[in-house]
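A quick write-up on the structure given underneath.
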Amino acid sequence: MLHLETAQLKKYLPAILIANALVVSLLICFAGSRGYFSTVQELILDNVQGLRSRISPPPPADVAIIGISDQTFREEEFRKPFLLWHKDLAALVGGMQAAGAKVIGLDFLLPDVLFDDYVPGYSKVWLKAILKSKMSGTPVVTGFMDLGSSVIAPHSYFLQALGKNNCGYFNLTTDDDGVIRRQNLWIKNGEGKVIDSFSLAALKAAGIKIENLPHQLRINYRPESHFKIFEFAEITRRIKDNDLEYLRKNFANKIVFVGAMDIRNQDRHPTPLFNFTERKSRKSPGVLIQAQILETMLDDQHFQDLSQLQKWGTIFLLALLASGLVVLAPPKLTFIWAPLLIVGYITASGYAFFNYTVLPAASGSFAIVLSYILSILLKEGVLSAEQRRLKKIFQRYLPASVAESLLEQNDADFFKGDYRRLCILFSDVRSFTTYSENRSPREIVNRLNRYFESMAEIVNNHGGVVDKFIGDGLLAFFGVLDSDTSPSMSGVKAAMEMQQTLIELNREWTNAGEVEFRIGIGLHTGDVMVGNIGSKYKAEFTVIGDAVNLASRLESMTKTVGASILVSEAVQEDIKDLVEVESCGKVKIKGRKEEYVYAVRENMFNTEEK
């Protein structure tokens, strides 16, 4: 296709880019506000976070986990209901206090009733352990479960012993797909009181203050191997053996979380560590997720989501970039840019995520795709409209098929030209100089336009091309179309019809009191160069060659031999079996040797000198 990008797309470029980017960004932001991209967005970030947790080793954990796993349940002394573990758990609290732990976080519900009538001294065991640890500077933190319609919390005796604010809520914040990716650090109860989550309560109990914690924290997951996980049964044995050296080595100045990790435990949840991977069915124990939340709060940096304005701006810029690449890129590379831009943006999103900034990876990628498609449609629409406009203009001078052929040419082929055998037609108005002396330019132009419009239509109807109008003269050629098997015949038919049409025009002008036109026509068939001649600033679809000169000389001779249509010997050879002609003999032609010329009999008349 003849490239129109340089002229037309420069003209429409700002409007195309801005309009397209605005429409795309508004559509994408509206869809994003309805949550249409959230699932894809989180799956992308899940994979990035899984990769991040493996290639970016975090510092040593500040949390130690004592897990109650299947190994502990297989021990003989722990084959009993969990409610009857109160002495073992109380001993564990005492052992952690002796080891110098900062805080003991019990990630399970303490009893909401007292069992002293069934197990004498049950409550005293718990209360004594909690109070003793608290007084020694190692507070115990536990939690409650908010079920929406009801709350399951420890008995008030235990809450009093724990102390104010040392009981947070265990509820984890779950995304729509069930994956734990973020955690609400506090909630407000019905009375408007702020209640901390279990992990935040443990952080505060340890005396650690973190500034600017968000209400909803995106969890910066570490690999499970990051945390030291100790078996409950093993630690209770160490406590019984009074192995303080081991205990202090592993738990001194640590926040210790205690919770169930056995396979039958219901407190297990999908996390980004395993979601959308080969181990996506694997779930993380709640106590481990609580440790991940606590470690995230202790980070120097926290994940920052973009504001709505920043998201819109990012999507707008991506749409603008995608649109610009489609409009400005070479056509052969158009279909490469979108995949490259998407890969580049997702890579940039991953890099930003590594640096604690969450970019709209999914909606941004969709913006690129949508902008890419709309830009192609807009670009083709602009070019098609411009091509139709140019085709209309070209068809004023060329047959429709020639105009279409020109528009389909490559830029590199536009000025090459073609060597063809064509029939060249020259026509000229007799005595036009005398006619124009006493008339205004407007009147002359109107008369010529009426004349040329009729003549050009005849040429086009016979498959010819009007090359140019030279004053009152006309240059045309036949045979440029592949379907034209006899350019000489087409040229002669056009010449004969031009003379017949002129008779009708003269009748019209005579009735209007105007003088008549008389024309002479010369035709010659020969080899010429046809194509676009000129430069990138101005070009003409024209013919060049000696055959053009001979046709012009024949037209000039019509007034001396008294014929309205003169043809060369080459034309006569082509039409002799179809059109009756009369030989004018061998005639001396200006600037050439003598040539045989022939007059078309049907159009013989005397003419006056110009």
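Ligands are numbered from 1 in the order shown, residues from 1 within each chain, and chains are lettered A, B, ... in the order they appear in the structure tokens.
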Report as JSON, numbers by chain: the residues of range 64-211 of chain A with a DSSP assignment of strand (DSSP E or B), based on the backbone of this structure. {"A": [64, 65, 66, 67, 68, 103, 104, 105, 106, 140, 141, 142, 143, 144, 145, 146, 151, 152, 167, 168, 169, 182, 183, 184, 186, 187, 188, 194, 195, 196, 197]}
Write down as JSON, numbers by chain the residues of range 146-354 of chain A whose backbone DSSP state falls under alpha helix (DSSP H). {"A": [156, 157, 158, 159, 160, 161, 162, 198, 199, 200, 201, 202, 203, 204, 205, 232, 233, 234, 235, 236, 237, 238, 239, 240, 244, 245, 246, 247, 248, 249, 250, 251, 286, 287, 288, 289, 290, 291, 292, 293, 294, 295, 296, 297, 298, 308, 309, 310, 311, 312, 313, 314, 315, 316, 317, 318, 319, 320, 321, 322, 323, 324, 325, 326, 327, 328, 334, 335, 336, 337, 338, 339, 340, 341, 342, 343, 344, 345, 346, 347, 348, 349, 350, 351, 352, 353, 354]}
Val113 in chain A proximity check over A:Ala201, A:Leu172, A:Ala153, A:Ile458, using only C-alpha atoms: winner is A:Ala153
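Residue nearest Leu200 in chain A, chosen from A:Arg248, A:His215, A:Lys468, A:Lys228 and counting only C-alpha atoms: A:His215.
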Between A:Ala98, A:Ile68, A:Val530, A:Leu203, single out the one closest to Asp243 in chain A, counting only C-alpha atoms. A:Ala98
For each of A:His462, A:Arg518, A:Lys559, A:Lys134, take the minimum atom-to-atom distance to Phe432 in chain A, counting only C-alpha atoms, then give the residue where this is smallest. A:Arg518
With distances taken over only C-alpha atoms, which residue among A:Glu555, A:Asp62, A:Asp176, A:Asp88 lies nearest Lys240 in chain A? A:Asp88
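Shortest atom-to-atom contact with Leu523 in chain A among A:Arg601, A:Arg447, A:Thr434, A:Ile424: A:Ile424, counting only C-alpha atoms.
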Applying 9 Å and only C-alpha atoms, which residues near range 288-294 of chain A remain after dropping the ones on its own chain fewer than 3 positions away? List them as a tab-separated table (two decimals) with all heavy atoms, in the first residue's frame.
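So around16.tsv came out as:
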chain	number	residue	atom	x	y	z
A	62	ASP	N	12.33	-13.06	63.55
A	62	ASP	CA	12.19	-12.62	64.94
A	62	ASP	C	11.13	-13.44	65.67
A	62	ASP	O	10.85	-13.20	66.83
A	62	ASP	CB	11.79	-11.14	64.98
A	62	ASP	CG	12.91	-10.24	64.49
A	62	ASP	OD1	14.00	-10.28	65.07
A	62	ASP	OD2	12.68	-9.51	63.51
A	63	VAL	N	10.53	-14.37	64.95
A	63	VAL	CA	9.47	-15.20	65.50
A	63	VAL	C	9.93	-16.65	65.51
A	63	VAL	O	10.48	-17.14	64.52
A	63	VAL	CB	8.17	-15.07	64.68
A	63	VAL	CG1	7.04	-15.86	65.33
A	63	VAL	CG2	7.78	-13.61	64.51
A	64	ALA	N	9.70	-17.31	66.65
A	64	ALA	CA	9.93	-18.75	66.74
A	64	ALA	C	8.57	-19.43	66.87
A	64	ALA	O	7.67	-18.91	67.53
A	64	ALA	CB	10.82	-19.08	67.93
A	65	ILE	N	8.44	-20.57	66.22
A	65	ILE	CA	7.15	-21.26	66.21
A	65	ILE	C	7.30	-22.61	66.90
A	65	ILE	O	8.19	-23.41	66.57
A	65	ILE	CB	6.64	-21.46	64.77
A	65	ILE	CG1	6.46	-20.11	64.09
A	65	ILE	CG2	5.34	-22.25	64.76
A	65	ILE	CD1	6.13	-20.21	62.61
A	67	GLY	N	5.24	-25.78	67.07
A	67	GLY	CA	4.11	-26.39	66.40
A	67	GLY	C	3.65	-27.67	67.06
A	67	GLY	O	4.45	-28.51	67.46
A	107	ASP	N	-1.79	-19.36	69.74
A	107	ASP	CA	-2.67	-19.31	68.58
A	107	ASP	C	-3.74	-20.40	68.67
A	107	ASP	O	-3.89	-21.22	67.77
A	107	ASP	CB	-1.85	-19.44	67.29
A	107	ASP	CG	-2.72	-19.21	66.05
A	107	ASP	OD1	-3.72	-18.48	66.15
A	107	ASP	OD2	-2.39	-19.77	64.98
A	170	PHE	N	-8.40	-13.67	66.05
A	170	PHE	CA	-7.67	-14.64	65.23
A	170	PHE	C	-8.06	-14.58	63.76
A	170	PHE	O	-7.34	-15.09	62.90
A	170	PHE	CB	-7.95	-16.07	65.72
A	170	PHE	CG	-7.26	-16.42	67.01
A	170	PHE	CD1	-7.96	-17.00	68.07
A	170	PHE	CD2	-5.92	-16.19	67.19
A	170	PHE	CE1	-7.32	-17.35	69.24
A	170	PHE	CE2	-5.27	-16.51	68.37
A	170	PHE	CZ	-5.97	-17.10	69.40
A	172	LEU	N	-8.50	-14.35	60.02
A	172	LEU	CA	-7.61	-13.96	58.92
A	172	LEU	C	-8.45	-13.34	57.80
A	172	LEU	O	-9.61	-13.74	57.58
A	172	LEU	CB	-6.85	-15.17	58.40
A	172	LEU	CG	-5.84	-15.78	59.37
A	172	LEU	CD1	-5.31	-17.10	58.84
A	172	LEU	CD2	-4.68	-14.83	59.65
A	180	ILE	N	-5.09	-16.23	51.41
A	180	ILE	CA	-4.71	-15.21	52.39
A	180	ILE	C	-3.52	-14.42	51.83
A	180	ILE	O	-2.40	-14.93	51.77
A	180	ILE	CB	-4.32	-15.84	53.75
A	180	ILE	CG1	-5.40	-16.81	54.23
A	180	ILE	CG2	-4.04	-14.76	54.78
A	180	ILE	CD1	-6.72	-16.15	54.54
A	182	ARG	N	-3.44	-10.71	52.42
A	182	ARG	CA	-3.35	-9.50	53.23
A	182	ARG	C	-4.11	-9.71	54.53
A	182	ARG	O	-4.87	-10.65	54.65
A	182	ARG	CB	-3.91	-8.31	52.44
A	182	ARG	CG	-5.24	-8.62	51.78
A	182	ARG	CD	-5.75	-7.48	50.91
A	182	ARG	NE	-4.93	-7.24	49.76
A	182	ARG	CZ	-4.99	-7.94	48.63
A	182	ARG	NH1	-5.81	-8.98	48.53
A	182	ARG	NH2	-4.22	-7.66	47.61
A	183	GLN	N	-3.86	-8.83	55.49
A	183	GLN	CA	-4.51	-8.97	56.79
A	183	GLN	C	-4.94	-7.60	57.30
A	183	GLN	O	-4.17	-6.64	57.28
A	183	GLN	CB	-3.54	-9.61	57.81
A	183	GLN	CG	-4.05	-9.68	59.23
A	183	GLN	CD	-5.26	-10.61	59.39
A	183	GLN	OE1	-5.51	-11.44	58.53
A	183	GLN	NE2	-5.99	-10.45	60.47
A	198	PHE	N	-4.55	-10.56	66.32
A	198	PHE	CA	-3.70	-11.36	67.21
A	198	PHE	C	-2.22	-11.00	67.02
A	198	PHE	O	-1.49	-10.77	67.98
A	198	PHE	CB	-3.93	-12.84	66.93
A	198	PHE	CG	-2.94	-13.75	67.58
A	198	PHE	CD1	-2.89	-13.92	68.95
A	198	PHE	CD2	-2.02	-14.45	66.80
A	198	PHE	CE1	-1.96	-14.77	69.55
A	198	PHE	CE2	-1.09	-15.31	67.38
A	198	PHE	CZ	-1.06	-15.46	68.76
A	199	SER	N	-1.78	-10.91	65.76
A	199	SER	CA	-0.36	-10.63	65.49
A	199	SER	C	0.02	-9.21	65.91
A	199	SER	O	1.12	-8.98	66.43
A	199	SER	CB	-0.06	-10.86	64.01
A	199	SER	OG	-0.98	-10.15	63.20
A	200	LEU	N	-0.87	-8.24	65.70
A	200	LEU	CA	-0.58	-6.87	66.11
A	200	LEU	C	-0.56	-6.76	67.64
A	200	LEU	O	0.27	-6.05	68.21
A	200	LEU	CB	-1.60	-5.90	65.52
A	200	LEU	CG	-1.40	-4.42	65.85
A	200	LEU	CD1	-0.03	-3.94	65.39
A	200	LEU	CD2	-2.49	-3.56	65.22
A	202	ALA	N	0.36	-9.12	69.65
A	202	ALA	CA	1.63	-9.70	70.08
A	202	ALA	C	2.77	-8.71	69.87
A	202	ALA	O	3.69	-8.60	70.70
A	202	ALA	CB	1.90	-10.98	69.29
A	203	LEU	N	2.74	-7.97	68.74
A	203	LEU	CA	3.77	-6.98	68.46
A	203	LEU	C	3.77	-5.89	69.53
A	203	LEU	O	4.83	-5.49	70.04
A	203	LEU	CB	3.53	-6.37	67.08
A	203	LEU	CG	4.59	-5.38	66.58
A	203	LEU	CD1	5.87	-6.09	66.21
A	203	LEU	CD2	4.05	-4.60	65.38
A	217	LEU	N	-2.73	-4.85	55.61
A	217	LEU	CA	-1.32	-5.10	55.32
A	217	LEU	C	-1.19	-6.25	54.32
A	217	LEU	O	-1.73	-7.33	54.54
A	217	LEU	CB	-0.60	-5.49	56.62
A	217	LEU	CG	0.89	-5.80	56.53
A	217	LEU	CD1	1.68	-4.51	56.39
A	217	LEU	CD2	1.36	-6.57	57.77
A	218	ARG	N	-0.49	-5.98	53.19
A	218	ARG	CA	-0.19	-7.09	52.27
A	218	ARG	C	0.97	-7.87	52.86
A	218	ARG	O	2.02	-7.32	53.16
A	218	ARG	CB	0.19	-6.57	50.88
A	218	ARG	CG	0.51	-7.70	49.89
A	218	ARG	CD	0.83	-7.17	48.53
A	218	ARG	NE	-0.36	-6.77	47.81
A	218	ARG	CZ	-1.09	-7.59	47.05
A	218	ARG	NH1	-0.75	-8.87	46.94
A	218	ARG	NH2	-2.15	-7.15	46.42
A	219	ILE	N	0.77	-9.16	53.02
A	219	ILE	CA	1.74	-10.00	53.71
A	219	ILE	C	2.93	-10.29	52.80
A	219	ILE	O	2.76	-10.73	51.66
A	219	ILE	CB	1.09	-11.33	54.17
A	219	ILE	CG1	-0.15	-11.04	55.00
A	219	ILE	CG2	2.08	-12.18	54.96
A	219	ILE	CD1	-1.01	-12.26	55.27
A	220	ASN	N	4.11	-10.02	53.30
A	220	ASN	CA	5.34	-10.30	52.57
A	220	ASN	C	5.80	-11.72	52.95
A	220	ASN	O	6.57	-11.91	53.89
A	220	ASN	CB	6.41	-9.27	52.94
A	220	ASN	CG	7.68	-9.46	52.13
A	220	ASN	OD1	7.70	-10.16	51.13
A	220	ASN	ND2	8.76	-8.85	52.58
A	221	TYR	N	5.31	-12.69	52.20
A	221	TYR	CA	5.54	-14.09	52.56
A	221	TYR	C	7.00	-14.48	52.39
A	221	TYR	O	7.63	-14.19	51.38
A	221	TYR	CB	4.66	-15.01	51.72
A	221	TYR	CG	3.25	-15.14	52.25
A	221	TYR	CD1	2.24	-14.33	51.76
A	221	TYR	CD2	2.96	-16.05	53.25
A	221	TYR	CE1	0.94	-14.44	52.24
A	221	TYR	CE2	1.67	-16.17	53.74
A	221	TYR	CZ	0.66	-15.36	53.23
A	221	TYR	OH	-0.61	-15.46	53.73
A	222	ARG	N	7.53	-15.16	53.41
A	222	ARG	CA	8.84	-15.79	53.34
A	222	ARG	C	8.65	-17.29	53.08
A	222	ARG	O	7.59	-17.83	53.35
A	222	ARG	CB	9.59	-15.65	54.68
A	222	ARG	CG	10.29	-14.33	54.88
A	222	ARG	CD	9.41	-13.30	55.47
A	222	ARG	NE	10.19	-12.15	55.95
A	222	ARG	CZ	9.72	-10.94	56.06
A	222	ARG	NH1	8.48	-10.67	55.70
A	222	ARG	NH2	10.48	-9.97	56.51
A	224	GLU	N	8.66	-21.11	53.95
A	224	GLU	CA	8.40	-21.73	55.26
A	224	GLU	C	9.71	-22.08	55.97
A	224	GLU	O	9.79	-22.07	57.20
A	224	GLU	CB	7.54	-22.98	55.08
A	224	GLU	CG	6.10	-22.65	54.72
A	224	GLU	CD	5.21	-23.88	54.74
A	224	GLU	OE1	5.76	-25.02	54.76
A	224	GLU	OE2	3.99	-23.72	54.74
A	227	PHE	N	11.38	-19.84	58.88
A	227	PHE	CA	11.03	-19.88	60.29
A	227	PHE	C	11.56	-21.15	60.96
A	227	PHE	O	11.50	-22.24	60.38
A	227	PHE	CB	9.50	-19.83	60.47
A	227	PHE	CG	8.89	-18.56	59.94
A	227	PHE	CD1	8.38	-18.50	58.66
A	227	PHE	CD2	8.84	-17.42	60.73
A	227	PHE	CE1	7.82	-17.33	58.17
A	227	PHE	CE2	8.28	-16.26	60.25
A	227	PHE	CZ	7.77	-16.20	58.96
A	257	PHE	N	5.30	-18.08	68.97
A	257	PHE	CA	3.92	-18.44	68.65
A	257	PHE	C	3.76	-19.94	68.83
A	257	PHE	O	4.60	-20.74	68.38
A	257	PHE	CB	3.57	-18.07	67.21
A	257	PHE	CG	3.21	-16.62	67.02
A	257	PHE	CD1	3.01	-16.10	65.75
A	257	PHE	CD2	3.04	-15.77	68.10
A	257	PHE	CE1	2.68	-14.77	65.56
A	257	PHE	CE2	2.71	-14.44	67.94
A	257	PHE	CZ	2.52	-13.94	66.66
A	259	GLY	N	1.00	-23.05	68.16
A	259	GLY	CA	-0.25	-23.36	67.47
A	259	GLY	C	-0.22	-24.71	66.82
A	259	GLY	O	0.83	-25.35	66.68
A	261	MET	N	-0.34	-27.57	64.02
A	261	MET	CA	0.17	-27.73	62.67
A	261	MET	C	-0.06	-29.13	62.14
A	261	MET	O	0.51	-29.53	61.13
A	261	MET	CB	1.67	-27.40	62.62
A	261	MET	CG	2.01	-25.99	63.04
A	261	MET	SD	3.78	-25.58	62.89
A	261	MET	CE	3.96	-25.50	61.11
A	268	ARG	N	-6.02	-24.17	58.32
A	268	ARG	CA	-5.06	-24.18	57.21
A	268	ARG	C	-5.66	-23.41	56.05
A	268	ARG	O	-6.86	-23.54	55.77
A	268	ARG	CB	-4.73	-25.61	56.77
A	268	ARG	CG	-3.82	-26.34	57.74
A	268	ARG	CD	-3.57	-27.78	57.28
A	268	ARG	NE	-2.54	-28.42	58.09
A	268	ARG	CZ	-1.25	-28.39	57.82
A	268	ARG	NH1	-0.82	-27.75	56.74
A	268	ARG	NH2	-0.37	-28.98	58.60
A	269	HIS	N	-4.81	-22.66	55.33
A	269	HIS	CA	-5.34	-21.75	54.29
A	269	HIS	C	-4.39	-21.68	53.10
A	269	HIS	O	-3.17	-21.79	53.26
A	269	HIS	CB	-5.53	-20.35	54.87
A	269	HIS	CG	-6.31	-20.31	56.14
A	269	HIS	ND1	-7.68	-20.26	56.18
A	269	HIS	CD2	-5.88	-20.36	57.45
A	269	HIS	CE1	-8.08	-20.25	57.44
A	269	HIS	NE2	-7.01	-20.31	58.23
A	271	THR	N	-2.11	-19.87	50.42
A	271	THR	CA	-1.30	-18.66	50.44
A	271	THR	C	-0.58	-18.50	49.10
A	271	THR	O	-0.50	-19.45	48.32
A	271	THR	CB	-0.25	-18.71	51.57
A	271	THR	OG1	0.69	-19.75	51.27
A	271	THR	CG2	-0.90	-18.97	52.92
A	284	SER	N	-1.15	-23.49	54.22
A	284	SER	CA	-0.27	-23.12	55.33
A	284	SER	C	-1.07	-23.10	56.64
A	284	SER	O	-2.19	-22.59	56.67
A	284	SER	CB	0.34	-21.74	55.09
A	284	SER	OG	1.16	-21.74	53.95
A	285	PRO	N	-0.49	-23.63	57.74
A	285	PRO	CA	-1.16	-23.57	59.04
A	285	PRO	C	-1.36	-22.12	59.48
A	285	PRO	O	-0.55	-21.24	59.17
A	285	PRO	CB	-0.19	-24.30	59.98
A	285	PRO	CG	0.69	-25.09	59.08
A	285	PRO	CD	0.80	-24.33	57.80
A	297	MET	N	5.10	-6.99	59.50
A	297	MET	CA	5.00	-5.74	60.26
A	297	MET	C	6.37	-5.27	60.72
A	297	MET	O	6.62	-4.07	60.84
A	297	MET	CB	4.07	-5.93	61.46
A	297	MET	CG	2.60	-6.01	61.08
A	297	MET	SD	1.51	-5.92	62.52
A	297	MET	CE	1.81	-7.51	63.30
A	298	LEU	N	7.28	-6.21	60.99
A	298	LEU	CA	8.61	-5.85	61.46
A	298	LEU	C	9.54	-5.38	60.34
A	298	LEU	O	10.63	-4.89	60.61
A	298	LEU	CB	9.24	-7.05	62.18
A	298	LEU	CG	8.62	-7.44	63.53
A	298	LEU	CD1	9.16	-8.77	64.01
A	298	LEU	CD2	8.85	-6.35	64.57
A	299	ASP	N	9.09	-5.53	59.08
A	299	ASP	CA	9.90	-5.07	57.95
A	299	ASP	C	10.10	-3.57	57.99
A	299	ASP	O	9.26	-2.81	58.49
A	299	ASP	CB	9.21	-5.41	56.62
A	299	ASP	CG	9.39	-6.87	56.25
A	299	ASP	OD1	10.28	-7.52	56.81
A	299	ASP	OD2	8.61	-7.35	55.40
Surrounding residues of Val40 in chain A excluding itself and chain neighbours under 2 positions, 12 Å, only C-alpha atoms, as a list in words: Gly32, Gly35, Tyr36, Phe37, Ser38, Glu42, Leu43, Ile44, Leu45, Asp46, Asn47, Asp177, Phe276, Pro360, Ala361, Ala362, Ser363, Gly364, Ser365 and Phe366 of chain A
Within 8 Å of Cys584 in chain A, counting only C-alpha atoms, which residues show up once you throw out same-chain ones fewer than 2 positions away? Write them as a ChimeraX atom specification, please. /A:561,582,586-587,596-599
Write the residues of the preceding selection, restricted to all heavy atoms, as a compact mmCIF listing (two decimals), in the first residue's frame.
# COMPACT_ATOMS: atom_id res chain seq x y z
N VAL A 561 -3.63 19.01 -43.44
CA VAL A 561 -4.16 17.99 -44.36
C VAL A 561 -5.67 17.97 -44.39
O VAL A 561 -6.28 17.22 -45.16
CB VAL A 561 -3.63 16.59 -43.99
CG1 VAL A 561 -2.11 16.55 -44.07
CG2 VAL A 561 -4.12 16.17 -42.62
N GLU A 582 -8.15 6.73 -44.61
CA GLU A 582 -7.70 7.20 -45.91
C GLU A 582 -6.26 7.65 -45.81
O GLU A 582 -5.90 8.42 -44.91
CB GLU A 582 -8.56 8.38 -46.38
CG GLU A 582 -8.16 8.92 -47.74
CD GLU A 582 -9.06 10.05 -48.19
OE1 GLU A 582 -10.28 9.96 -47.94
OE2 GLU A 582 -8.53 11.03 -48.74
N LYS A 586 2.95 10.00 -47.81
CA LYS A 586 4.12 10.20 -46.97
C LYS A 586 4.29 11.71 -46.74
O LYS A 586 4.38 12.47 -47.71
CB LYS A 586 5.36 9.62 -47.65
CG LYS A 586 6.33 8.97 -46.71
CD LYS A 586 7.40 8.21 -47.50
CE LYS A 586 8.20 7.36 -46.55
NZ LYS A 586 9.30 6.66 -47.27
N VAL A 587 4.31 12.09 -45.50
CA VAL A 587 4.30 13.51 -45.16
C VAL A 587 5.54 13.84 -44.36
O VAL A 587 5.97 13.06 -43.49
CB VAL A 587 3.03 13.86 -44.35
CG1 VAL A 587 3.02 15.34 -43.97
CG2 VAL A 587 1.79 13.51 -45.15
N TYR A 596 4.23 7.95 -43.17
CA TYR A 596 2.90 7.74 -43.73
C TYR A 596 1.88 8.09 -42.66
O TYR A 596 1.98 7.65 -41.51
CB TYR A 596 2.70 6.28 -44.15
CG TYR A 596 3.39 5.95 -45.45
CD1 TYR A 596 4.60 5.25 -45.47
CD2 TYR A 596 2.80 6.31 -46.67
CE1 TYR A 596 5.24 4.94 -46.65
CE2 TYR A 596 3.44 6.00 -47.88
CZ TYR A 596 4.64 5.32 -47.86
OH TYR A 596 5.27 5.02 -49.03
N VAL A 597 0.89 8.88 -43.03
CA VAL A 597 -0.17 9.23 -42.08
C VAL A 597 -1.51 8.90 -42.72
O VAL A 597 -1.65 8.86 -43.94
CB VAL A 597 -0.12 10.71 -41.67
CG1 VAL A 597 1.18 11.02 -40.94
CG2 VAL A 597 -0.27 11.61 -42.89
N TYR A 598 -2.54 8.72 -41.87
CA TYR A 598 -3.85 8.29 -42.33
C TYR A 598 -4.93 9.08 -41.61
O TYR A 598 -4.82 9.39 -40.43
CB TYR A 598 -4.06 6.81 -42.08
CG TYR A 598 -3.01 5.93 -42.75
CD1 TYR A 598 -1.77 5.71 -42.15
CD2 TYR A 598 -3.26 5.36 -44.00
CE1 TYR A 598 -0.81 4.94 -42.78
CE2 TYR A 598 -2.30 4.57 -44.63
CZ TYR A 598 -1.06 4.36 -44.01
OH TYR A 598 -0.11 3.59 -44.63
N ALA A 599 -5.97 9.42 -42.38
CA ALA A 599 -7.11 10.15 -41.80
C ALA A 599 -8.27 9.19 -41.61
O ALA A 599 -8.51 8.30 -42.45
CB ALA A 599 -7.52 11.30 -42.71
Could you tell me how far CA of Glu540 in chain A lies from CA of Ser488 in chain A, in Å and to one decimal?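 Taking CA of Glu540 in chain A and CA of Ser488 in chain A, their separation equals 23.2 Å.
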Find the residues near Leu106 in chain A: any atom within 8 Å, counting only C-alpha atoms, skip ones fewer than 5 places away on the same chain, and give them as a list in words.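 Surrounding residues, per the criterion: Val140, Val141, Thr142, Gly143, Phe257, Val258 and Gly259 of chain A.
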Please measure the separation of CA of Gln49 in chain A and CA of Ile210 in chain A, giving the value in Å to one decimal. 23.2 Å
Can you tell me, as JSON, numbers by chain, what residues are no more than 12 Å from Val548 in chain A when counting only C-alpha atoms, ignoring any on the same chain fewer than 6 positions away? {"A": [421, 422, 423, 424, 425, 426, 467, 475, 476, 477, 478, 522, 523, 524, 525, 526, 527, 528, 529, 530, 542, 554, 555, 568]}
